[in-house]
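**Q** Just dropping this structure here.
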Amino acid sequence: MLHFARWKSFAIIGSVLLAMVLALPNILPPAWNQQLARFSVTSGLRPMTLGLDLQGGSNVLLEVDRNDLRDKLSQQLVGDIRAALREAKIGYSGINRSGNGVTVRVSNPADVERARVELKKLEQPVESSLFGSGRDFNTFDLAQQDQQFTLAFSEGGLDSKIGLAISQAIKIVESRINGIGVAEAVVQQQGKDRIVVQLPGVQDPDRVKGVIGRTAKLTFQLVCESQPTAQGQVPPPDCKSLPTKDSKLPPQMWVQTSSRATVDGADLTDAKGAFDQNNQPVVSFRFNSKGAERFGRLTRENVDKPFAIVLDDLIVSAPRINEPILGGQGQISGNFTVQETTDLAIVLRSGALPAKLTIVEERTVGPSLGSDSIRAGFNAAVIGLVLVMVFMVVAYGLFGLFANVALLINLIMLVAIMSVVGFTLTLPGIAGIVLTMGIAVDSNVIIFERMREEWRNGRTAISSIETGFRSAFATIFDSNFTAFIAAVVLFGVGSGPVRGFAVTHAIGIMTTVYTAYTVTRFIVAYWARHTRPKEVPL
């Protein structure tokens, strides 16, 4: 147990030196770290990122607007009903959106049964998951009264759609925040219909909120031939009135709503800020093959006619189609600033949110509070470390000193791993580090007590030391493995700070097992090989 092959010795020493190098950026001045990041060889060296509670920033709680989602789903359902009945050649009338669904009346009584079969297909069955309610249900429930049918949201239908909307919104919000350049932002679900966004170190929270909260529905729609001449006029059929952003345009314009006169911005593949020939900020965009074909057909069939670029039901510009745009590329202009074009491009690239997100809570943590937290956490860690080290020296003498060296190496390895994987350090994370120090010396206490017991039973010093390490390994492994399981469970069921604590605790357990059984044993073996002790100094 006390013999180490040469390659094992080099591996242990090398792992300790590597950990020291990887942990070094955490104690270097920020200017030095910036210099290190410039070189490819040292670009991977970086300090741990401080969380919201340590460096300050914003905490935003977003909520999915149920009414907005219900309205969008009802609007889609109207289109699905029309398409289903037209394809089946069933006459209908009076499609109306009610508070909880859509109603439609079949014109011919002979078509009622066929209509019921076709509309039944639109109920959208939802399979219950392993941890769900244990029963299958439909998003919509079909009800019939004579020739009138109603597709209404089921009990769990809207909740199911909200769950899908939350999952999609989280990905979109993460994409938008990454586009802005916010480092180590946290985006996660809270409850059934809310999203928590933590933005450490954000200097302009209003800009971030403006980007992540936009629905960003982009359409290209032909302008109606007739336009309002007075305020409050009702638009003609297949047209709707929208406000304008550009001061050069009338305050209201009528745009066509038919699918043949509209191209959806969902077919965009790229968008970025740029400048036009007049050096004015614009957004350059590119369609996929499907969008390029539709956009090309729309512009080819409507040369010399104006079309409106509509963003979130606001006309940002209304240029005239001078020639067909067949390449699938174009520009969006509208008296933007450079920052507005950058933010708009980020929003368009990430896609439209499935529903409107409203800010229900916002908290700002100042950097002064964060520095106080860092100071308090650092003081707690130092005090705990000193007390543990003093106890080990008093209780176990020279071997206690060996354990303290291994403890310091354990903390260095813990910090190194957290730095390499990009872990965000929070106050619960600091608590996990302090707890790791206690667990680390626990393993050494088990080993030393077993050595002391063997020495008292009459074994030689070398035999007592070897037996202590060999016999204690199973106990050390079992105790740390059960603690590791607890950390995994905490990470699985917890969120936010609880997960931060669980990650730190889990990493600390792994470094503890390595340093307690390998590094401490290596130090003791080196000491025993050179001193040939006649007794165990415990």
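FYI, nothing fancy with the structure tokens labels: chains A, B, ... in order, residues from 1 per chain, ligands from 1 as they appear.
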Could you pull out all residues of segment 14-202 of chain A with a DSSP call of helix (DSSP H, G or I) and give them as an NGL selection string?

**A** :A and (14-26 or 30-37 or 52-55 or 66-87 or 109-123 or 157-180)

**Q** Neighbours of Arg349 of chain A within 8 Å (only C-alpha atoms; same-chain residues fewer than 3 positions away dropped), as a ChimeraX atom specification?

**A** /A:268-271,345-346

**Q** What are the closest atom pairs, with distances in Å to one decimal, for each residue of segment 341-415 of chain A lying within 12 Å of segment 525-531 of chain A, using only C-alpha atoms, rows by chain and rising residue number, as JSON lines?

**A**
```
{"residue": "A:Leu398", "atom": "CA", "partner": "A:Trp527", "partner_atom": "CA", "distance": 10.3}
{"residue": "A:Phe399", "atom": "CA", "partner": "A:Trp527", "partner_atom": "CA", "distance": 10.1}
{"residue": "A:Phe402", "atom": "CA", "partner": "A:Trp527", "partner_atom": "CA", "distance": 9.7}
```

**Q** For the interface of segment 432-521 of chain A with segment 415-420 of chain A (cut-off 10 Å, counting only C-alpha atoms), please tabulate each contacting residue of segment 432-521 of chain A alongside its nearest pair of atoms and their separation in Å to one decimal, rows sorted by chain and increasing number, as a Markdown table.

**A**
```
| residue | atom | partner | partner_atom | distance |
| --- | --- | --- | --- | --- |
| A:Ile433 | CA | A:Val415 | CA | 9.0 |
| A:Val503 | CA | A:Met418 | CA | 9.2 |
| A:Thr504 | CA | A:Met418 | CA | 7.9 |
| A:Ile507 | CA | A:Ile417 | CA | 7.8 |
| A:Gly508 | CA | A:Val415 | CA | 9.3 |
| A:Thr511 | CA | A:Ile417 | CA | 9.3 |
```

**Q** Write out, as a CSV table (one decimal), in the first residue's frame, the residues just selected, with N, CA and C atoms.

**A**
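Final output, saved to selection.csv:
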```csv
chain,number,residue,atom,x,y,z
A,433,ILE,N,-18.2,24.4,-0.5
A,433,ILE,CA,-16.8,24.3,-0.3
A,433,ILE,C,-16.4,24.1,1.2
A,503,VAL,N,-23.8,20.8,-7.0
A,503,VAL,CA,-22.7,20.6,-7.9
A,503,VAL,C,-21.3,20.7,-7.1
A,504,THR,N,-21.2,21.8,-6.3
A,504,THR,CA,-20.0,22.0,-5.5
A,504,THR,C,-19.8,20.8,-4.6
A,507,ILE,N,-18.6,17.7,-6.6
A,507,ILE,CA,-17.2,17.8,-7.0
A,507,ILE,C,-16.2,17.6,-5.8
A,508,GLY,N,-16.6,18.3,-4.7
A,508,GLY,CA,-15.8,18.2,-3.5
A,508,GLY,C,-15.7,16.7,-3.0
A,511,THR,N,-13.0,15.0,-5.3
A,511,THR,CA,-11.6,15.4,-5.0
A,511,THR,C,-11.2,14.9,-3.6
```

**Q** Taking only residues of segment 321-424 of chain A that have an atom at most 6 Å from an atom of segment 65-79 of chain A, what is each one's shortest atom pair and its distance in Å to one decimal, using only C-alpha atoms, in chain and number order, as CSV?

**A**
```
residue,atom,partner,partner_atom,distance
A:Ala355,CA,A:Leu69,CA,5.2
A:Lys356,CA,A:Asp65,CA,5.4
A:Leu357,CA,A:Asp65,CA,5.9
```

**Q** Which residues are close to Leu199 of chain A, i.e. within 6 Å by only C-alpha atoms, leaving aside same-chain residues fewer than 4 positions away? Reply as an NGL selection string.

**A** :A and (57-58 or 185)

**Q** Residues near Ile412 of chain A, anyone? I mean within 9 Å using only C-alpha atoms, not counting same-chain ones fewer than 6 positions away, as an MDAnalysis selection string.

**A** chainID A and resid 16 19:20 22:24

**Q** One decimal, Å: what's the distance from atom CA of Arg176 of chain A over to atom CA of Ala292 of chain A, could you say?

**A**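 Going from atom CA of Arg176 of chain A over to atom CA of Ala292 of chain A covers 24.4 Å.
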
**Q** Residues near Ser463 of chain A, anyone? I mean within 12 Å using only C-alpha atoms, not counting same-chain ones fewer than 5 positions away, as a VMD selection string.

**A** chain A and resid 1 to 2 450 to 458 468 to 471 525 528 532 to 536
